[in-house]
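What follows is a set of notes on a single structure, which appears directly below.
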Amino acid sequence: MTSDMQSLLQPFLEKSEPRRGLPSAAYRDVEFWDAECQSVFARNWVCIGFAHELKKPGDVVPVTAAGQPLLMVRNGEGEIKAFHNVCRHRCLTLVDKPGNVGKLIRCPYHAWAYDLNGTLRASPHFGGTGQHDANGFDKSRSGLVPVRTHVWQDWIFVNVGGGAPHFEDYAGSLIRRLEGVDWENVDCIGILDFGEISTNWKFIMENFIEPYHVQFVHSSTTDQPLSDHYTIIDGNCMGSAVDLGEEVGTSGSLAVSSRYLALYPNFILGRYFPDQLGVYLNIPTGPGTMNQKRGLYTTSGKQLRASEVEDLKRLWWDVHKEDHEMVERLQAGRASTVSDTGGVLSPVWEDSVHAFQSLVARDLIGRSSN
Ligand code: FES
Ligand SMILES: [Fe+2]
């Protein structure tokens, strides 16, 4: 973090009424993005995948976390592991698309091969024709570099820097808010893949945890009055909630008690009573881009008809498209000098956004606002 960045964050740190948001640079500048990769995304537990997308031993999925290429693999014992997606020979990325590699992850360049636990098994002709070893070359130290991984339910988390608290402690304030979920019966009934969204990852998080926009942006897709909402700020968990009845609205709109919860930095879980969850895989890829998928889950063990699943997918697709338009316009607005000082946050509806931004500032400069 340069002193320049410190001074850009100064208006955010000052206790003004109402509070200011983060400056434009935090959403646009490569320096901020690089600093986030080394702090926000390296120190914390970051969600990188859905476990159900790696069904069989040998299934692999490449992903970006903390600005670095990683791969996820299901090994022969059925565990999911994550490694840096880099060959130890000349550092080529090993896996470029999801698929099944069988028993070995083979580099396409010079055929070095790693088993599903990352051990280097072959380095053909490295020391000359028919000579697979070379002076000073220690095969046992040339395996794939592992990344600290934790699989919680269907969601794969990594802590790239390795120093975060145990996941259960890190995520305790989120997990406690999910009391009553019948985890034995959680079933993924569909995935929506939104592909790339032209926005900074923080806007997606901030949008999810403030209830202020819901009545305006989602007036045709939801039926959740603003006055019934409240915000949640609880350690690494922040978001909002609305307490209503527990029946789905008649017009196909969302009108149930809901919890909109984020686990800092990038995990989002929506709980919709009585028996649905929506989990978002948010993969930041640069200062102004990210990829997003949403997994739809039921928790009652009831089988839904195909048409019911399609209706749910359509509802959530529409809700998200409404949000995506807003977050892309938030990003576009940051090109204006008017947004240099961050805009202002509602003290009631966007205190959750301030709490989220404070954690970002804490990780960037070691100081949070109060
Ligand atoms: S770069 Fe992978 S085998 Fe040469
Ligand atoms: Fe929204």
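Residue numbering restarts at 1 in every chain; chains get A, B, ... in the order shown in the structure tokens, and ligands count up from 1 in that same order.
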
Next item on the list: Show which residues sit within 10 Å of Arg20 in chain A, as a PyMOL selection string. Count only C-alpha atoms, and ignore same-chain residues fewer than 4 positions away.
Entry: chain A and resi 11-16+341-346+354

Checklist line | Long-range neighbours of range 201-207 of chain A as a ChimeraX atom specification, 6 Å cut-off, only C-alpha atoms, 2 positions minimum in chain | finding: /A:209-210,284,327,353

With N, CA and C atoms kept, could you save the residues just selected as a PDB file, in the first residue's frame?
```pdb
ATOM      1  N   ILE A 209     -25.702  -6.938   0.327  1.00  0.00           N
ATOM      2  CA  ILE A 209     -25.889  -6.816   1.780  1.00  0.00           C
ATOM      3  C   ILE A 209     -26.639  -5.558   2.191  1.00  0.00           C
ATOM      4  N   GLU A 210     -27.089  -4.754   1.219  1.00  0.00           N
ATOM      5  CA  GLU A 210     -27.934  -3.620   1.621  1.00  0.00           C
ATOM      6  C   GLU A 210     -29.350  -3.808   1.089  1.00  0.00           C
ATOM      7  N   PRO A 284     -13.491 -12.730  -8.459  1.00  0.00           N
ATOM      8  CA  PRO A 284     -12.905 -11.484  -8.975  1.00  0.00           C
ATOM      9  C   PRO A 284     -11.751 -11.815  -9.917  1.00  0.00           C
ATOM     10  N   VAL A 327     -24.910  -2.781 -10.725  1.00  0.00           N
ATOM     11  CA  VAL A 327     -23.487  -2.806 -10.332  1.00  0.00           C
ATOM     12  C   VAL A 327     -22.587  -2.404 -11.498  1.00  0.00           C
ATOM     13  N   VAL A 353     -22.830  -2.086   4.509  1.00  0.00           N
ATOM     14  CA  VAL A 353     -21.847  -1.773   3.451  1.00  0.00           C
ATOM     15  C   VAL A 353     -20.618  -1.122   4.081  1.00  0.00           C
TER      16      VAL A 353
END
```

Margin query: 7 Å from ligand 2 is the threshold here; counting only C-alpha atoms and all ligand atoms, which polymer residues fall inside it? Answer as a PyMOL selection string.
Written below: chain A and resi 207-208+213-214+217-218+319-320+322-323

Next item on the list: Kindly compile the residues surrounding ligand 1 within 10 Å, counting only C-alpha atoms and all ligand atoms, and format them as an NGL selection string.
Entry: :A and (86-94 or 106-113 or 122-124 or 126)

Tell me, counting only C-alpha atoms, for each residue of range 125-233 of chain A within 7 Å of range 42-52 of chain A, which pair of atoms is nearest and how far apart they are in Å to one decimal, in rows ordered by chain and increasing number, as a Markdown table.
```
| residue | atom | partner | partner_atom | distance |
| --- | --- | --- | --- | --- |
| A:Asp154 | CA | A:Ala51 | CA | 4.9 |
| A:Trp155 | CA | A:Phe50 | CA | 4.9 |
| A:Ile156 | CA | A:Gly49 | CA | 5.0 |
| A:Phe157 | CA | A:Cys47 | CA | 4.2 |
| A:Val158 | CA | A:Val46 | CA | 5.4 |
| A:Asn159 | CA | A:Trp45 | CA | 4.7 |
| A:Val160 | CA | A:Ala42 | CA | 4.8 |
| A:Gly161 | CA | A:Ala42 | CA | 4.7 |
| A:Gly163 | CA | A:Arg43 | CA | 6.4 |
| A:Ala164 | CA | A:Asn44 | CA | 5.7 |
```

Taking only C-alpha atoms into account, produce a table as a Markdown table in which each residue of range 197-259 of chain A with an atom at most 8 Å from an atom of range 287-290 of chain A appears once, together with its shortest atom pair and the distance in Å to one decimal, ordered by chain and rising number.
```
| residue | atom | partner | partner_atom | distance |
| --- | --- | --- | --- | --- |
| A:Ile197 | CA | A:Met290 | CA | 5.5 |
| A:Ser198 | CA | A:Thr289 | CA | 4.7 |
| A:Thr199 | CA | A:Gly288 | CA | 4.7 |
| A:Asn200 | CA | A:Gly288 | CA | 4.5 |
| A:Trp201 | CA | A:Met290 | CA | 6.1 |
```
